[in-house]
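Here's the structure we're looking at; comments come further down.
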Amino acid sequence: MILKGNQRGGGKQMALHLLNEKQNEHVNIHEVSGFIASDVLGALNEAYALSKGTQCKQFMYSLSLNPPQDKNVPISVFEDALARVEKKLGLEGQPRVVIFHEKHGRRHAHCVWSRIDTDKMKAINISHPKMKLQSIARSIYKEHGWEMPEGFKDKSRANPLNYTRAQWQQAARTGQSPKVIKAILQECWAVSDDRCEFEEALKENGYYLAMGNRRSYVAVDVYGEVYSLTRQLGVKRSELEKRLGNSNTLPPVSEVKEKISGQLSNIFKNFLGEQSKDHQKALKPLLKTKRAMTKQHRIDRAAQKSYQEKRWQEEELKRASRIRRGFKGIWDKLNGKYWKSRKINEQETEKCRSRDQKEREELINNQLAMRRNLQTQLNQAQAKHEKDRQNLIRDLSHMVDVNELKSKTTPSHEHEPTHKKSYNHQIDKDHPDIDLEPEI
């Protein structure tokens, strides 16, 4: 189970993120404890109000718990992990909110604690949290016999395709996968030995080398998005400088953007737009199935919840009937019958609670299995789209390079009036099935 945590503020924003049903197919509020408020928004606003009595700005500690995607992990394992985290980080007894999210056929959990110690009215200091969380995570993987991520076995073998939220948002603006972007840039770096080879590899995939702010090394794509190479490649500036030379010799981002903002950018956007439409058309039936499945799964869970609540009330009445009141109740206490009945009730209550939890887990696991099968089809469709996108970018980049070379070797008085015709002719020759003129 991968554990990622951080201190943060912004109670309202955190609550809205945790309760977001647009980005999650199912949101289940598992626990709100230690607060006067019984709802998530009220609880986190309460944590913020308490923090105003201190100088603490990051008054919450937020933790995400991500088990292996293909495993059905019972809630008891999540609760055990939370108990270990609380003990290690010194958060035992602190108010907390626990919420489960489901999307893409997998379930994960979020826990948010208030860091404010109300007795001392100061924030609890959390030292070396990353190291402590990794230690707990390794233990959980070993105990359950799960395949441990390479990064846990050896830091040097950590997945290089992990990306930050900012990188995810940047990729989302262009409709691409941040994982694919990172993989492409890292592949370009791996197959090149010098700047010339690296630039050629980047161009093959629709990226251009440039100098960013503070003389950093960046890549610019055909959409004008800028990617930091130190972050995407996971290498230090000194290593980049050794292979690519001084960043001062690179063209600035503004110049590169200007270069690709004309006809090249329009062609890329038009063709990629058409390709995206075809992709969306192919995805439409799968997405329709996904929406219908999510709706039905929510209905099934609501029906189960209603049934269990009704059954629980009936069983509570039955248990309550065993406890006599008034003079008879006093007599039962004297002869010991009351204590026997109470013990039976407690045992039955725990048994029924475990039964209900087991039923909920079985329903969720069955639904997750169905959702995973659908996600496999969605992933295959997305992978095909990404491959088609890269093939198109590679083909168009080749054609642009040919025309740039031609424009350099053609006299200006001959080149000017026939530029558009020459460009169209080259594309028609290499790709006779591509029509440059957009349909009206």
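Each chain of the structure tokens is named A, B, ... in the order shown, its residues numbered from 1; ligands are numbered from 1 in display order.
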
Original post:
Could you name the residues that touch stretch 98-107 of chain A at 8 Å or less, counting only C-alpha atoms, but leaving out those on the same chain fewer than 2 positions away, as JSON, numbers by chain?
Top reply: {"A": [18, 23, 24, 25, 26, 27, 28, 29, 30, 31, 32, 66, 67, 69, 70, 96, 109, 110, 111, 112, 368, 369, 370, 371, 372, 375]}

**OP:** Can you pull out every residue within 12 Å of A:Ser76, counting only C-alpha atoms, but drop anything in the same chain fewer than 2 positions away, and send it as a count of residues only?
**Re:** 14

**OP:** Please indicate the distance in Å from atom CA of A:Gln55 to atom CA of A:Arg8, rounded to one decimal place.
**Re:**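 Going from atom CA of A:Gln55 over to atom CA of A:Arg8, I get 13.6 Å.
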
**OP:** Return the single residue from A:Arg301, A:Lys203, A:Lys57, A:Lys310 that is closest to A:Cys188, with distances computed using only C-alpha atoms.
**Re:**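 Of the candidates, the smallest distance to A:Cys188 is held by A:Lys203.
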
**OP:** Find the residues near A:Ile184: any atom within 10 Å, counting only C-alpha atoms, skip ones fewer than 3 places away on the same chain, and give them as a list in words.
**Re:**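 Neighbouring residues, sequence-local ones excluded: Pro178, Lys179, Val180, Ile181, Glu187, Cys188, Trp189, Ala190, Ala201, Leu202, Asn205, Tyr207, Gln232, Leu233 and Gln390 of chain A.
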
Store the residues of this selection in a file with C-alpha atoms, as a short mmCIF file (atom, residue, chain, number, x, y, z; two decimals), in the first residue's frame.
```cif
data_model
loop_
_atom_site.label_atom_id
_atom_site.label_comp_id
_atom_site.auth_asym_id
_atom_site.auth_seq_id
_atom_site.Cartn_x
_atom_site.Cartn_y
_atom_site.Cartn_z
CA PRO A 178 1.39 12.84 -18.47
CA LYS A 179 2.79 9.32 -18.33
CA VAL A 180 3.17 9.21 -22.11
CA ILE A 181 4.75 12.69 -22.26
CA GLU A 187 13.17 7.84 -24.41
CA CYS A 188 14.53 10.75 -26.47
CA TRP A 189 17.16 11.34 -23.78
CA ALA A 190 18.08 7.65 -23.58
CA ALA A 201 14.73 12.72 -31.34
CA LEU A 202 12.56 15.49 -29.84
CA ASN A 205 7.93 13.38 -31.44
CA TYR A 207 9.03 18.67 -29.22
CA GLN A 232 10.71 15.21 -16.79
CA LEU A 233 14.03 13.39 -17.19
CA GLN A 390 2.67 9.97 -31.88
#
```

**OP:** Looking only at strand (DSSP E) from DSSP on the backbone, list the matching residues of stretch 142-348 of chain A as an NGL selection string.
**Re:** :A and (207-211 or 217-221 or 226-228)

Go ahead and save the picked residues with N, CA and C atoms, as an mmCIF file, in the first residue's frame.
```cif
data_model
loop_
_atom_site.group_PDB
_atom_site.id
_atom_site.type_symbol
_atom_site.label_atom_id
_atom_site.label_comp_id
_atom_site.auth_asym_id
_atom_site.auth_seq_id
_atom_site.Cartn_x
_atom_site.Cartn_y
_atom_site.Cartn_z
ATOM 1 N N TYR A 207 8.502 17.810 -30.284
ATOM 2 C CA TYR A 207 9.027 18.670 -29.223
ATOM 3 C C TYR A 207 10.253 19.425 -29.727
ATOM 4 N N TYR A 208 10.502 20.597 -29.129
ATOM 5 C CA TYR A 208 11.614 21.442 -29.564
ATOM 6 C C TYR A 208 12.399 21.916 -28.347
ATOM 7 N N LEU A 209 13.716 21.839 -28.436
ATOM 8 C CA LEU A 209 14.596 22.208 -27.327
ATOM 9 C C LEU A 209 14.693 23.726 -27.228
ATOM 10 N N ALA A 210 14.659 24.247 -25.998
ATOM 11 C CA ALA A 210 14.713 25.706 -25.799
ATOM 12 C C ALA A 210 15.306 26.033 -24.440
ATOM 13 N N MET A 211 15.587 27.332 -24.245
ATOM 14 C CA MET A 211 16.072 27.821 -22.963
ATOM 15 C C MET A 211 14.921 28.481 -22.223
ATOM 16 N N TYR A 217 16.816 24.260 -18.997
ATOM 17 C CA TYR A 217 16.628 23.479 -20.215
ATOM 18 C C TYR A 217 15.177 23.003 -20.258
ATOM 19 N N VAL A 218 14.488 23.327 -21.350
ATOM 20 C CA VAL A 218 13.080 22.945 -21.468
ATOM 21 C C VAL A 218 12.805 22.390 -22.863
ATOM 22 N N ALA A 219 11.645 21.721 -22.979
ATOM 23 C CA ALA A 219 11.142 21.260 -24.277
ATOM 24 C C ALA A 219 9.786 21.905 -24.493
ATOM 25 N N VAL A 220 9.525 22.341 -25.720
ATOM 26 C CA VAL A 220 8.256 22.985 -26.069
ATOM 27 C C VAL A 220 7.542 22.092 -27.080
ATOM 28 N N ASP A 221 6.254 21.782 -26.823
ATOM 29 C CA ASP A 221 5.521 20.945 -27.780
ATOM 30 C C ASP A 221 4.744 21.799 -28.768
ATOM 31 N N VAL A 226 5.314 24.133 -22.157
ATOM 32 C CA VAL A 226 6.738 24.078 -21.830
ATOM 33 C C VAL A 226 6.975 23.033 -20.740
ATOM 34 N N TYR A 227 7.962 22.160 -20.947
ATOM 35 C CA TYR A 227 8.251 21.083 -20.009
ATOM 36 C C TYR A 227 9.695 21.198 -19.503
ATOM 37 N N SER A 228 9.855 21.247 -18.194
ATOM 38 C CA SER A 228 11.186 21.299 -17.593
ATOM 39 C C SER A 228 11.874 19.949 -17.774
#
```

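If only C-alpha atoms are the atoms counted, then among A:Ala381, A:Ile323, A:His279, A:Gly90 the closest residue to A:Lys340 is A:Ile323.
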
**OP:** Could you jot down the atom CA of A:Leu65 to atom CA of A:Leu16 separation for me, Å, one decimal place?
**Re:**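 Between atom CA of A:Leu65 and atom CA of A:Leu16 the gap works out to 18.5 Å.
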
**OP:** Assign secondary structure with DSSP using the backbone only, and return the residues of stretch 126-334 of chain A in alpha helix (DSSP H) as a PyMOL selection string.
**Re:** chain A and resi 129-144+150-153+165-173+178-190+195-204+229-233+237-244+253-260+263-320+326-334

Subject >> Between atom CA of A:Pro149 and atom CA of A:Ser135 - distance in Å to one decimal >> reply: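 So the two atoms, atom CA of A:Ser135 and atom CA of A:Pro149, lie 13.3 Å apart.
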